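Here is input.cif, consisting of mmCIF, N, CA and C atoms:
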```
data_input
loop_
_atom_site.label_atom_id
_atom_site.label_comp_id
_atom_site.auth_asym_id
_atom_site.auth_seq_id
_atom_site.Cartn_x
_atom_site.Cartn_y
_atom_site.Cartn_z
N MET K 1 9.10 8.50 8.03
CA MET K 1 9.80 8.18 6.79
C MET K 1 9.84 9.43 5.92
N PRO K 2 11.01 9.85 5.53
CA PRO K 2 11.11 11.05 4.72
C PRO K 2 10.37 10.90 3.38
N VAL K 3 9.71 11.99 2.99
CA VAL K 3 9.00 12.03 1.71
C VAL K 3 9.99 11.75 0.58
N GLU K 4 11.22 12.18 0.75
CA GLU K 4 12.25 12.00 -0.26
C GLU K 4 12.43 10.52 -0.62
N LEU K 5 12.44 9.65 0.38
CA LEU K 5 12.63 8.22 0.14
C LEU K 5 11.46 7.66 -0.66
N TRP K 6 10.24 8.01 -0.29
CA TRP K 6 9.04 7.57 -1.02
C TRP K 6 9.14 8.02 -2.47
N ARG K 7 9.52 9.29 -2.68
CA ARG K 7 9.63 9.85 -4.03
C ARG K 7 10.66 9.09 -4.86
N LEU K 8 11.79 8.76 -4.26
CA LEU K 8 12.83 8.03 -4.98
C LEU K 8 12.37 6.63 -5.36
N VAL K 9 11.66 5.97 -4.46
CA VAL K 9 11.14 4.63 -4.77
C VAL K 9 10.11 4.72 -5.90
N GLU K 10 9.24 5.72 -5.83
CA GLU K 10 8.25 5.92 -6.91
C GLU K 10 8.95 6.15 -8.24
N GLU K 11 9.98 6.97 -8.23
CA GLU K 11 10.75 7.27 -9.45
C GLU K 11 11.31 5.98 -10.05
N ALA K 12 11.75 5.07 -9.19
CA ALA K 12 12.36 3.82 -9.66
C ALA K 12 11.35 2.86 -10.26
N VAL K 13 10.14 2.79 -9.69
CA VAL K 13 9.19 1.75 -10.12
C VAL K 13 8.10 2.24 -11.07
N GLU K 14 7.91 3.53 -11.16
CA GLU K 14 6.88 4.09 -12.05
C GLU K 14 7.03 3.59 -13.49
N PRO K 15 8.24 3.61 -14.08
CA PRO K 15 8.39 3.14 -15.46
C PRO K 15 8.12 1.65 -15.62
N LEU K 16 8.09 0.91 -14.52
CA LEU K 16 7.84 -0.53 -14.58
C LEU K 16 6.36 -0.87 -14.48
N GLY K 17 5.51 0.16 -14.35
CA GLY K 17 4.07 -0.07 -14.23
C GLY K 17 3.67 -0.52 -12.84
N LEU K 18 4.46 -0.11 -11.84
CA LEU K 18 4.19 -0.51 -10.46
C LEU K 18 3.81 0.70 -9.62
N GLU K 19 3.02 0.45 -8.58
CA GLU K 19 2.58 1.50 -7.66
C GLU K 19 3.15 1.21 -6.27
N VAL K 20 3.63 2.24 -5.62
CA VAL K 20 4.15 2.12 -4.26
C VAL K 20 2.98 2.18 -3.29
N LEU K 21 2.86 1.14 -2.46
CA LEU K 21 1.83 1.11 -1.42
C LEU K 21 2.38 1.49 -0.06
N GLU K 22 3.65 1.17 0.15
CA GLU K 22 4.22 1.43 1.46
C GLU K 22 5.74 1.46 1.38
N VAL K 23 6.34 2.37 2.12
CA VAL K 23 7.78 2.43 2.30
C VAL K 23 8.01 2.64 3.79
N LYS K 24 8.70 1.70 4.42
CA LYS K 24 8.99 1.81 5.85
C LYS K 24 10.48 1.72 6.05
N GLU K 25 11.00 2.66 6.82
CA GLU K 25 12.42 2.65 7.14
C GLU K 25 12.58 2.30 8.61
N ALA K 26 13.40 1.31 8.89
CA ALA K 26 13.74 0.90 10.25
C ALA K 26 15.26 0.81 10.32
N PRO K 27 15.83 0.76 11.51
CA PRO K 27 17.29 0.66 11.58
C PRO K 27 17.82 -0.53 10.77
N GLY K 28 18.65 -0.23 9.80
CA GLY K 28 19.28 -1.27 8.99
C GLY K 28 18.38 -1.90 7.95
N GLU K 29 17.20 -1.32 7.71
CA GLU K 29 16.26 -1.97 6.80
C GLU K 29 15.32 -0.96 6.15
N VAL K 30 15.02 -1.19 4.86
CA VAL K 30 14.00 -0.43 4.14
C VAL K 30 13.05 -1.46 3.54
N LEU K 31 11.77 -1.35 3.89
CA LEU K 31 10.73 -2.25 3.38
C LEU K 31 9.88 -1.50 2.38
N VAL K 32 9.71 -2.08 1.19
CA VAL K 32 8.89 -1.48 0.14
C VAL K 32 7.83 -2.50 -0.27
N ARG K 33 6.56 -2.07 -0.27
CA ARG K 33 5.47 -2.93 -0.75
C ARG K 33 4.90 -2.29 -2.02
N LEU K 34 4.74 -3.14 -3.04
CA LEU K 34 4.33 -2.67 -4.37
C LEU K 34 3.16 -3.48 -4.90
N GLU K 35 2.45 -2.89 -5.86
CA GLU K 35 1.47 -3.64 -6.64
C GLU K 35 1.54 -3.14 -8.08
N ARG K 36 0.98 -3.95 -8.96
CA ARG K 36 0.96 -3.58 -10.38
C ARG K 36 -0.16 -2.58 -10.62
N LYS K 37 0.09 -1.59 -11.48
CA LYS K 37 -0.94 -0.60 -11.80
C LYS K 37 -2.09 -1.21 -12.58
N ASP K 38 -1.81 -2.29 -13.33
CA ASP K 38 -2.87 -2.94 -14.10
C ASP K 38 -3.69 -3.89 -13.22
N GLU K 39 -3.37 -3.95 -11.93
CA GLU K 39 -4.09 -4.72 -10.92
C GLU K 39 -4.01 -6.23 -11.10
N LYS K 40 -3.12 -6.69 -11.97
CA LYS K 40 -2.88 -8.13 -12.06
C LYS K 40 -2.00 -8.52 -10.87
N PRO K 41 -2.02 -9.79 -10.47
CA PRO K 41 -1.14 -10.20 -9.35
C PRO K 41 0.33 -9.92 -9.68
N ILE K 42 1.04 -9.41 -8.70
CA ILE K 42 2.46 -9.09 -8.89
C ILE K 42 3.27 -10.39 -8.83
N SER K 43 4.26 -10.52 -9.68
CA SER K 43 5.04 -11.75 -9.75
C SER K 43 6.40 -11.57 -9.08
N VAL K 44 7.08 -12.67 -8.85
CA VAL K 44 8.43 -12.63 -8.30
C VAL K 44 9.34 -11.88 -9.27
N ALA K 45 9.16 -12.10 -10.57
CA ALA K 45 9.97 -11.39 -11.56
C ALA K 45 9.74 -9.88 -11.47
N ASP K 46 8.49 -9.44 -11.25
CA ASP K 46 8.20 -8.01 -11.08
C ASP K 46 8.96 -7.46 -9.88
N LEU K 47 8.94 -8.20 -8.78
CA LEU K 47 9.59 -7.75 -7.55
C LEU K 47 11.11 -7.71 -7.70
N GLU K 48 11.67 -8.70 -8.39
CA GLU K 48 13.12 -8.71 -8.62
C GLU K 48 13.55 -7.52 -9.47
N ARG K 49 12.78 -7.25 -10.52
CA ARG K 49 13.10 -6.12 -11.40
C ARG K 49 12.97 -4.80 -10.63
N ALA K 50 11.91 -4.67 -9.84
CA ALA K 50 11.71 -3.47 -9.03
C ALA K 50 12.86 -3.29 -8.04
N SER K 51 13.28 -4.37 -7.41
CA SER K 51 14.37 -4.31 -6.44
C SER K 51 15.64 -3.76 -7.07
N ARG K 52 15.96 -4.25 -8.27
CA ARG K 52 17.16 -3.76 -8.98
C ARG K 52 17.05 -2.27 -9.29
N HIS K 53 15.86 -1.83 -9.74
CA HIS K 53 15.67 -0.42 -10.08
C HIS K 53 15.73 0.47 -8.84
N ILE K 54 15.09 0.02 -7.75
CA ILE K 54 15.12 0.79 -6.50
C ILE K 54 16.55 0.88 -5.98
N GLU K 55 17.23 -0.24 -6.00
CA GLU K 55 18.63 -0.28 -5.53
C GLU K 55 19.49 0.72 -6.31
N ALA K 56 19.32 0.76 -7.62
CA ALA K 56 20.12 1.67 -8.46
C ALA K 56 19.85 3.13 -8.09
N VAL K 57 18.58 3.48 -7.90
CA VAL K 57 18.24 4.87 -7.55
C VAL K 57 18.76 5.22 -6.16
N LEU K 58 18.58 4.32 -5.20
CA LEU K 58 19.04 4.60 -3.84
C LEU K 58 20.56 4.67 -3.77
N ASP K 59 21.25 3.84 -4.54
CA ASP K 59 22.71 3.91 -4.58
C ASP K 59 23.18 5.24 -5.18
N ARG K 60 22.48 5.69 -6.21
CA ARG K 60 22.85 6.95 -6.86
C ARG K 60 22.59 8.16 -5.95
N GLU K 61 21.42 8.19 -5.32
CA GLU K 61 21.01 9.34 -4.51
C GLU K 61 21.50 9.27 -3.07
N ASP K 62 21.73 8.08 -2.56
CA ASP K 62 22.25 7.84 -1.20
C ASP K 62 21.47 8.58 -0.11
N PRO K 63 20.13 8.34 -0.01
CA PRO K 63 19.33 9.06 0.99
C PRO K 63 19.40 8.47 2.41
N ILE K 64 20.00 7.29 2.54
CA ILE K 64 20.02 6.60 3.83
C ILE K 64 21.47 6.45 4.29
N PRO K 65 21.79 7.00 5.45
CA PRO K 65 23.17 6.86 5.92
C PRO K 65 23.46 5.42 6.36
N GLY K 66 24.67 4.99 6.13
CA GLY K 66 25.08 3.65 6.56
C GLY K 66 24.55 2.56 5.66
N SER K 67 24.75 1.33 6.12
CA SER K 67 24.28 0.19 5.32
C SER K 67 22.87 -0.20 5.77
N TYR K 68 22.15 -0.85 4.87
CA TYR K 68 20.78 -1.29 5.15
C TYR K 68 20.44 -2.43 4.22
N ARG K 69 19.39 -3.15 4.57
CA ARG K 69 18.88 -4.24 3.73
C ARG K 69 17.60 -3.74 3.08
N LEU K 70 17.49 -3.91 1.77
CA LEU K 70 16.30 -3.51 1.02
C LEU K 70 15.40 -4.73 0.85
N LEU K 71 14.16 -4.62 1.33
CA LEU K 71 13.16 -5.68 1.18
C LEU K 71 12.06 -5.16 0.27
N VAL K 72 11.81 -5.86 -0.82
CA VAL K 72 10.76 -5.47 -1.76
C VAL K 72 9.79 -6.63 -1.83
N GLU K 73 8.51 -6.35 -1.54
CA GLU K 73 7.54 -7.44 -1.50
C GLU K 73 6.16 -6.99 -1.96
N SER K 74 5.31 -7.99 -2.21
CA SER K 74 3.92 -7.72 -2.54
C SER K 74 3.20 -7.36 -1.24
N PRO K 75 2.05 -6.72 -1.34
CA PRO K 75 1.37 -6.31 -0.12
C PRO K 75 0.79 -7.46 0.69
N GLY K 76 0.36 -8.53 0.01
CA GLY K 76 -0.20 -9.66 0.74
C GLY K 76 -1.31 -9.21 1.68
N PRO K 77 -1.48 -9.91 2.80
CA PRO K 77 -2.57 -9.57 3.71
C PRO K 77 -2.35 -8.26 4.46
N LYS K 78 -1.17 -7.67 4.37
CA LYS K 78 -0.90 -6.40 5.04
C LYS K 78 -1.17 -5.22 4.10
N ARG K 79 -1.88 -5.48 3.01
CA ARG K 79 -2.13 -4.47 1.99
C ARG K 79 -2.75 -3.21 2.59
N PRO K 80 -2.07 -2.07 2.44
CA PRO K 80 -2.66 -0.82 2.90
C PRO K 80 -3.70 -0.33 1.90
N LEU K 81 -4.76 0.24 2.39
CA LEU K 81 -5.81 0.84 1.56
C LEU K 81 -5.84 2.32 1.91
N PHE K 82 -5.67 3.18 0.91
CA PHE K 82 -5.73 4.61 1.21
C PHE K 82 -6.24 5.46 0.07
N THR K 83 -6.36 4.91 -1.14
CA THR K 83 -6.87 5.71 -2.26
C THR K 83 -8.30 5.28 -2.59
N ARG K 84 -8.97 6.14 -3.33
CA ARG K 84 -10.33 5.83 -3.79
C ARG K 84 -10.36 4.47 -4.49
N ARG K 85 -9.41 4.27 -5.41
CA ARG K 85 -9.40 3.02 -6.18
C ARG K 85 -9.20 1.81 -5.28
N HIS K 86 -8.36 1.91 -4.25
CA HIS K 86 -8.17 0.79 -3.34
C HIS K 86 -9.50 0.37 -2.71
N PHE K 87 -10.26 1.35 -2.24
CA PHE K 87 -11.53 1.01 -1.58
C PHE K 87 -12.58 0.53 -2.58
N GLU K 88 -12.59 1.09 -3.79
CA GLU K 88 -13.51 0.61 -4.82
C GLU K 88 -13.17 -0.83 -5.20
N ARG K 89 -11.89 -1.10 -5.34
CA ARG K 89 -11.41 -2.42 -5.77
C ARG K 89 -11.78 -3.51 -4.76
N PHE K 90 -11.74 -3.18 -3.46
CA PHE K 90 -12.00 -4.18 -2.43
C PHE K 90 -13.36 -4.00 -1.76
N GLN K 91 -14.26 -3.32 -2.45
CA GLN K 91 -15.62 -3.15 -1.97
C GLN K 91 -16.24 -4.51 -1.68
N GLY K 92 -16.96 -4.61 -0.57
CA GLY K 92 -17.60 -5.87 -0.20
C GLY K 92 -16.77 -6.69 0.77
N LEU K 93 -15.49 -6.34 0.94
CA LEU K 93 -14.63 -7.05 1.88
C LEU K 93 -14.49 -6.26 3.17
N LYS K 94 -14.05 -6.93 4.21
CA LYS K 94 -13.84 -6.26 5.49
C LYS K 94 -12.46 -5.62 5.52
N ALA K 95 -12.40 -4.45 6.14
CA ALA K 95 -11.14 -3.73 6.32
C ALA K 95 -11.01 -3.33 7.78
N LYS K 96 -9.76 -3.22 8.21
CA LYS K 96 -9.46 -2.80 9.58
C LYS K 96 -8.92 -1.38 9.54
N VAL K 97 -9.55 -0.50 10.30
CA VAL K 97 -9.09 0.88 10.43
C VAL K 97 -8.50 1.01 11.83
N PRO K 98 -7.19 1.22 11.94
CA PRO K 98 -6.56 1.30 13.26
C PRO K 98 -6.79 2.66 13.92
N GLY K 99 -6.46 2.74 15.18
CA GLY K 99 -6.54 4.00 15.90
C GLY K 99 -7.38 3.88 17.15
N PRO K 100 -7.43 4.95 17.93
CA PRO K 100 -8.18 4.93 19.19
C PRO K 100 -9.66 4.58 18.99
N GLU K 101 -10.21 5.04 17.89
CA GLU K 101 -11.61 4.71 17.58
C GLU K 101 -11.67 3.76 16.38
N GLY K 102 -10.65 2.91 16.27
CA GLY K 102 -10.55 1.98 15.16
C GLY K 102 -11.68 0.97 15.15
N PHE K 103 -11.81 0.30 14.02
CA PHE K 103 -12.89 -0.68 13.86
C PHE K 103 -12.56 -1.62 12.71
N VAL K 104 -13.32 -2.69 12.62
CA VAL K 104 -13.31 -3.58 11.46
C VAL K 104 -14.70 -3.48 10.86
N GLY K 105 -14.76 -3.20 9.57
CA GLY K 105 -16.06 -3.07 8.92
C GLY K 105 -15.99 -3.44 7.46
N LYS K 106 -17.14 -3.75 6.90
CA LYS K 106 -17.26 -4.10 5.48
C LYS K 106 -17.25 -2.81 4.67
N ILE K 107 -16.45 -2.79 3.59
CA ILE K 107 -16.41 -1.64 2.70
C ILE K 107 -17.67 -1.70 1.83
N LEU K 108 -18.59 -0.76 2.06
CA LEU K 108 -19.84 -0.76 1.30
C LEU K 108 -19.71 -0.04 -0.04
N ARG K 109 -19.13 1.17 0.01
CA ARG K 109 -19.03 1.97 -1.22
C ARG K 109 -18.18 3.21 -0.96
N VAL K 110 -17.86 3.90 -2.05
CA VAL K 110 -17.20 5.20 -1.97
C VAL K 110 -18.20 6.21 -2.52
N GLU K 111 -18.48 7.24 -1.72
CA GLU K 111 -19.40 8.32 -2.12
C GLU K 111 -18.67 9.64 -2.02
N GLY K 112 -18.49 10.29 -3.15
CA GLY K 112 -17.76 11.56 -3.12
C GLY K 112 -16.36 11.34 -2.58
N ASP K 113 -16.03 12.05 -1.49
CA ASP K 113 -14.70 11.89 -0.90
C ASP K 113 -14.76 11.05 0.39
N GLU K 114 -15.82 10.24 0.53
CA GLU K 114 -15.96 9.42 1.73
C GLU K 114 -16.04 7.93 1.39
N VAL K 115 -15.50 7.13 2.30
CA VAL K 115 -15.65 5.68 2.22
C VAL K 115 -16.71 5.31 3.25
N VAL K 116 -17.67 4.48 2.82
CA VAL K 116 -18.75 4.08 3.71
C VAL K 116 -18.53 2.62 4.10
N PHE K 117 -18.44 2.39 5.42
CA PHE K 117 -18.24 1.07 5.99
C PHE K 117 -19.50 0.63 6.72
N GLN K 118 -19.73 -0.68 6.76
CA GLN K 118 -20.77 -1.24 7.61
C GLN K 118 -20.06 -1.79 8.84
N VAL K 119 -20.39 -1.24 10.00
CA VAL K 119 -19.82 -1.68 11.27
C VAL K 119 -20.98 -2.14 12.12
N GLY K 120 -21.12 -3.46 12.25
CA GLY K 120 -22.32 -4.00 12.91
C GLY K 120 -23.52 -3.65 12.08
N SER K 121 -24.51 -3.01 12.69
CA SER K 121 -25.71 -2.63 11.94
C SER K 121 -25.67 -1.16 11.51
N LEU K 122 -24.55 -0.48 11.78
CA LEU K 122 -24.42 0.94 11.47
C LEU K 122 -23.52 1.18 10.27
N GLU K 123 -23.72 2.33 9.63
CA GLU K 123 -22.81 2.78 8.59
C GLU K 123 -21.89 3.83 9.19
N LYS K 124 -20.60 3.71 8.87
CA LYS K 124 -19.61 4.67 9.35
C LYS K 124 -18.92 5.26 8.13
N ARG K 125 -18.78 6.58 8.11
CA ARG K 125 -18.18 7.29 6.97
C ARG K 125 -16.87 7.93 7.41
N LEU K 126 -15.85 7.75 6.56
CA LEU K 126 -14.55 8.37 6.80
C LEU K 126 -14.12 9.09 5.52
N THR K 127 -13.48 10.22 5.68
CA THR K 127 -13.03 11.01 4.53
C THR K 127 -11.71 10.46 3.99
N LEU K 128 -11.68 10.22 2.68
CA LEU K 128 -10.45 9.77 2.02
C LEU K 128 -9.32 10.74 2.33
N GLY K 129 -8.13 10.19 2.55
CA GLY K 129 -6.96 11.01 2.83
C GLY K 129 -6.75 11.30 4.30
N THR K 130 -7.72 10.94 5.15
CA THR K 130 -7.58 11.19 6.59
C THR K 130 -7.29 9.92 7.38
N PHE K 131 -7.24 8.78 6.68
CA PHE K 131 -7.02 7.50 7.37
C PHE K 131 -6.42 6.50 6.39
N ARG K 132 -5.90 5.42 6.95
CA ARG K 132 -5.43 4.27 6.18
C ARG K 132 -6.08 3.05 6.80
N ALA K 133 -6.27 2.04 5.99
CA ALA K 133 -6.86 0.79 6.46
C ALA K 133 -6.05 -0.36 5.88
N THR K 134 -6.31 -1.56 6.39
CA THR K 134 -5.74 -2.78 5.81
C THR K 134 -6.88 -3.77 5.62
N LEU K 135 -6.70 -4.69 4.69
CA LEU K 135 -7.73 -5.71 4.50
C LEU K 135 -7.80 -6.59 5.74
N ALA K 136 -9.01 -6.90 6.18
CA ALA K 136 -9.22 -7.80 7.31
C ALA K 136 -9.62 -9.18 6.83
N GLU K 137 -9.84 -9.30 5.52
CA GLU K 137 -10.10 -10.60 4.90
C GLU K 137 -9.56 -10.55 3.49
N TRP K 138 -9.29 -11.70 2.92
CA TRP K 138 -8.67 -11.77 1.60
C TRP K 138 -9.69 -12.26 0.59
N PRO K 139 -9.75 -11.66 -0.61
CA PRO K 139 -10.71 -12.12 -1.61
C PRO K 139 -10.36 -13.53 -2.11
N GLU K 140 -11.40 -14.26 -2.49
CA GLU K 140 -11.17 -15.62 -3.02
C GLU K 140 -10.41 -15.59 -4.33
N GLU K 141 -10.67 -14.61 -5.16
CA GLU K 141 -9.98 -14.42 -6.42
C GLU K 141 -9.19 -13.12 -6.38
N PRO K 142 -8.01 -13.07 -7.01
CA PRO K 142 -7.26 -11.81 -7.02
C PRO K 142 -8.09 -10.68 -7.61
N ARG K 143 -7.97 -9.49 -7.04
CA ARG K 143 -8.68 -8.31 -7.55
C ARG K 143 -7.68 -7.26 -7.94
#
```

Using structure tokens, write down the structure from this file.
Amino acid sequence: MPVELWRLVEEAVEPLGLEVLEVKEAPGEVLVRLERKDEKPISVADLERASRHIEAVLDREDPIPGSYRLLVESPGPKRPLFTRRHFERFQGLKAKVPGPEGFVGKILRVEGDEVVFQVGSLEKRLTLGTFRATLAEWPEEPR
């Protein structure tokens, strides 16, 4: 996914108090996942407003050749975790780290530039910015 597309989506939603979690481009489709910067649950009205703003920017800049469908949604259970705040916010929950040496582990804490996971009886440390994870369980209350 071109950095340009991510930047344009950020430009569109930043003034609305929203953060871009994911932008995926597939043939005939652009998927955008957003959350509120104030960490309150995102509403349908937030998503509708964001969709209109993103559409206006993409129509003006025209970064995607041909026609496509724009999908704007909340992260839900596919929520990507990649920043310090994401891991701090969901500390105590299980996350899935994909890859050849992937794992599912409980987010214990963030220390310096590392996220510390409990995997079985062991602690595993990964450096922020070198991996992405998704929630493997959902909190009982919105965080």

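Closest approach to Ala95 in chain K from the set K:Asp113, K:Glu55, K:Glu123, K:Glu137 is made by K:Glu137, with distances taken over all atoms listed in the file.
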
When you look at Val44 in chain K with a cut-off of 12 Å (counting only C-alpha atoms), what residues show up, excluding the ones that are within fewer than 5 positions of it in the same chain? I need them as a PDB file with N, CA and C atoms, in the frame of the given file.
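So out.pdb came out as:
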```
ATOM      1  N   LEU K  34       4.740  -3.140  -3.040  1.00  0.00           N
ATOM      2  CA  LEU K  34       4.330  -2.670  -4.370  1.00  0.00           C
ATOM      3  C   LEU K  34       3.160  -3.480  -4.900  1.00  0.00           C
ATOM      4  N   GLU K  35       2.450  -2.890  -5.860  1.00  0.00           N
ATOM      5  CA  GLU K  35       1.470  -3.640  -6.640  1.00  0.00           C
ATOM      6  C   GLU K  35       1.540  -3.140  -8.080  1.00  0.00           C
ATOM      7  N   ARG K  36       0.980  -3.950  -8.960  1.00  0.00           N
ATOM      8  CA  ARG K  36       0.960  -3.580 -10.380  1.00  0.00           C
ATOM      9  C   ARG K  36      -0.160  -2.580 -10.620  1.00  0.00           C
ATOM     10  N   ARG K  49      12.780  -7.250 -10.520  1.00  0.00           N
ATOM     11  CA  ARG K  49      13.100  -6.120 -11.400  1.00  0.00           C
ATOM     12  C   ARG K  49      12.970  -4.800 -10.630  1.00  0.00           C
ATOM     13  N   ALA K  50      11.910  -4.670  -9.840  1.00  0.00           N
ATOM     14  CA  ALA K  50      11.710  -3.470  -9.030  1.00  0.00           C
ATOM     15  C   ALA K  50      12.860  -3.290  -8.040  1.00  0.00           C
ATOM     16  N   SER K  51      13.280  -4.370  -7.410  1.00  0.00           N
ATOM     17  CA  SER K  51      14.370  -4.310  -6.440  1.00  0.00           C
ATOM     18  C   SER K  51      15.640  -3.760  -7.070  1.00  0.00           C
ATOM     19  N   VAL K  72      11.810  -5.860  -0.820  1.00  0.00           N
ATOM     20  CA  VAL K  72      10.760  -5.470  -1.760  1.00  0.00           C
ATOM     21  C   VAL K  72       9.790  -6.630  -1.830  1.00  0.00           C
ATOM     22  N   GLU K  73       8.510  -6.350  -1.540  1.00  0.00           N
ATOM     23  CA  GLU K  73       7.540  -7.440  -1.500  1.00  0.00           C
ATOM     24  C   GLU K  73       6.160  -6.990  -1.960  1.00  0.00           C
ATOM     25  N   SER K  74       5.310  -7.990  -2.210  1.00  0.00           N
ATOM     26  CA  SER K  74       3.920  -7.720  -2.540  1.00  0.00           C
ATOM     27  C   SER K  74       3.200  -7.360  -1.240  1.00  0.00           C
TER      28      SER K  74
END
```

(message) I need the residue nearest Leu71 in chain K from this list: K:Glu4, K:Glu29, K:Glu141, K:Glu10. Use all atoms listed in the file for the distance.
(response)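 Between K:Glu4, K:Glu29, K:Glu141, K:Glu10, the residue approaching Leu71 in chain K most closely is K:Glu29.
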
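Here CA of Pro63 in chain K is placed at a distance of 11.3 Å from CA of Val30 in chain K.
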
(message) I need the residue nearest Tyr68 in chain K from this list: K:Gly28, K:Phe131, K:Pro15, K:Val97. Use all atoms listed in the file for the distance.
(response)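 Of K:Gly28, K:Phe131, K:Pro15, K:Val97, the one nearest Tyr68 in chain K is K:Gly28, counting all atoms listed in the file.
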
If you run DSSP on the backbone here, which positions in range 6-142 of chain K get helix (DSSP H, G or I)? Please write them as a CSV table (one decimal) with N, CA and C atoms, in the frame of the given file.
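So out-v2.csv came out as:
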```csv
chain,number,residue,atom,x,y,z
K,6,TRP,N,10.2,8.0,-0.3
K,6,TRP,CA,9.0,7.6,-1.0
K,6,TRP,C,9.1,8.0,-2.5
K,7,ARG,N,9.5,9.3,-2.7
K,7,ARG,CA,9.6,9.8,-4.0
K,7,ARG,C,10.7,9.1,-4.9
K,8,LEU,N,11.8,8.8,-4.3
K,8,LEU,CA,12.8,8.0,-5.0
K,8,LEU,C,12.4,6.6,-5.4
K,9,VAL,N,11.7,6.0,-4.5
K,9,VAL,CA,11.1,4.6,-4.8
K,9,VAL,C,10.1,4.7,-5.9
K,10,GLU,N,9.2,5.7,-5.8
K,10,GLU,CA,8.2,5.9,-6.9
K,10,GLU,C,9.0,6.2,-8.2
K,11,GLU,N,10.0,7.0,-8.2
K,11,GLU,CA,10.8,7.3,-9.4
K,11,GLU,C,11.3,6.0,-10.0
K,12,ALA,N,11.8,5.1,-9.2
K,12,ALA,CA,12.4,3.8,-9.7
K,12,ALA,C,11.4,2.9,-10.3
K,13,VAL,N,10.1,2.8,-9.7
K,13,VAL,CA,9.2,1.8,-10.1
K,13,VAL,C,8.1,2.2,-11.1
K,14,GLU,N,7.9,3.5,-11.2
K,14,GLU,CA,6.9,4.1,-12.0
K,14,GLU,C,7.0,3.6,-13.5
K,15,PRO,N,8.2,3.6,-14.1
K,15,PRO,CA,8.4,3.1,-15.5
K,15,PRO,C,8.1,1.6,-15.6
K,16,LEU,N,8.1,0.9,-14.5
K,16,LEU,CA,7.8,-0.5,-14.6
K,16,LEU,C,6.4,-0.9,-14.5
K,44,VAL,N,7.1,-12.7,-8.8
K,44,VAL,CA,8.4,-12.6,-8.3
K,44,VAL,C,9.3,-11.9,-9.3
K,45,ALA,N,9.2,-12.1,-10.6
K,45,ALA,CA,10.0,-11.4,-11.6
K,45,ALA,C,9.7,-9.9,-11.5
K,46,ASP,N,8.5,-9.4,-11.2
K,46,ASP,CA,8.2,-8.0,-11.1
K,46,ASP,C,9.0,-7.5,-9.9
K,47,LEU,N,8.9,-8.2,-8.8
K,47,LEU,CA,9.6,-7.8,-7.6
K,47,LEU,C,11.1,-7.7,-7.7
K,48,GLU,N,11.7,-8.7,-8.4
K,48,GLU,CA,13.1,-8.7,-8.6
K,48,GLU,C,13.6,-7.5,-9.5
K,49,ARG,N,12.8,-7.2,-10.5
K,49,ARG,CA,13.1,-6.1,-11.4
K,49,ARG,C,13.0,-4.8,-10.6
K,50,ALA,N,11.9,-4.7,-9.8
K,50,ALA,CA,11.7,-3.5,-9.0
K,50,ALA,C,12.9,-3.3,-8.0
K,51,SER,N,13.3,-4.4,-7.4
K,51,SER,CA,14.4,-4.3,-6.4
K,51,SER,C,15.6,-3.8,-7.1
K,52,ARG,N,16.0,-4.2,-8.3
K,52,ARG,CA,17.2,-3.8,-9.0
K,52,ARG,C,17.0,-2.3,-9.3
K,53,HIS,N,15.9,-1.8,-9.7
K,53,HIS,CA,15.7,-0.4,-10.1
K,53,HIS,C,15.7,0.5,-8.8
K,54,ILE,N,15.1,0.0,-7.8
K,54,ILE,CA,15.1,0.8,-6.5
K,54,ILE,C,16.6,0.9,-6.0
K,55,GLU,N,17.2,-0.2,-6.0
K,55,GLU,CA,18.6,-0.3,-5.5
K,55,GLU,C,19.5,0.7,-6.3
K,56,ALA,N,19.3,0.8,-7.6
K,56,ALA,CA,20.1,1.7,-8.5
K,56,ALA,C,19.8,3.1,-8.1
K,57,VAL,N,18.6,3.5,-7.9
K,57,VAL,CA,18.2,4.9,-7.6
K,57,VAL,C,18.8,5.2,-6.2
K,58,LEU,N,18.6,4.3,-5.2
K,58,LEU,CA,19.0,4.6,-3.8
K,58,LEU,C,20.6,4.7,-3.8
K,59,ASP,N,21.2,3.8,-4.5
K,59,ASP,CA,22.7,3.9,-4.6
K,59,ASP,C,23.2,5.2,-5.2
K,60,ARG,N,22.5,5.7,-6.2
K,60,ARG,CA,22.8,7.0,-6.9
K,60,ARG,C,22.6,8.2,-6.0
K,61,GLU,N,21.4,8.2,-5.3
K,61,GLU,CA,21.0,9.3,-4.5
K,61,GLU,C,21.5,9.3,-3.1
K,76,GLY,N,0.4,-8.5,0.0
K,76,GLY,CA,-0.2,-9.7,0.7
K,76,GLY,C,-1.3,-9.2,1.7
K,77,PRO,N,-1.5,-9.9,2.8
K,77,PRO,CA,-2.6,-9.6,3.7
K,77,PRO,C,-2.4,-8.3,4.5
K,78,LYS,N,-1.2,-7.7,4.4
K,78,LYS,CA,-0.9,-6.4,5.0
K,78,LYS,C,-1.2,-5.2,4.1
K,84,ARG,N,-9.0,6.1,-3.3
K,84,ARG,CA,-10.3,5.8,-3.8
K,84,ARG,C,-10.4,4.5,-4.5
K,85,ARG,N,-9.4,4.3,-5.4
K,85,ARG,CA,-9.4,3.0,-6.2
K,85,ARG,C,-9.2,1.8,-5.3
K,86,HIS,N,-8.4,1.9,-4.2
K,86,HIS,CA,-8.2,0.8,-3.3
K,86,HIS,C,-9.5,0.4,-2.7
K,87,PHE,N,-10.3,1.4,-2.2
K,87,PHE,CA,-11.5,1.0,-1.6
K,87,PHE,C,-12.6,0.5,-2.6
K,88,GLU,N,-12.6,1.1,-3.8
K,88,GLU,CA,-13.5,0.6,-4.8
K,88,GLU,C,-13.2,-0.8,-5.2
K,89,ARG,N,-11.9,-1.1,-5.3
K,89,ARG,CA,-11.4,-2.4,-5.8
K,89,ARG,C,-11.8,-3.5,-4.8
```

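What separates atom C of Lys106 in chain K from atom N of Val119 in chain K is a distance of 6.4 Å.
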
(message) What's around Leu93 in chain K at 9 Å? Count only C-alpha atoms, leave out sequence neighbours fewer than 6 positions away in its own chain, and write the answer as a count of residues only.
(response) 9

(request) Enter the distance from atom N of Arg84 in chain K to atom N of Phe103 in chain K, in Å, rounded to one decimal. (result) 18.5 Å
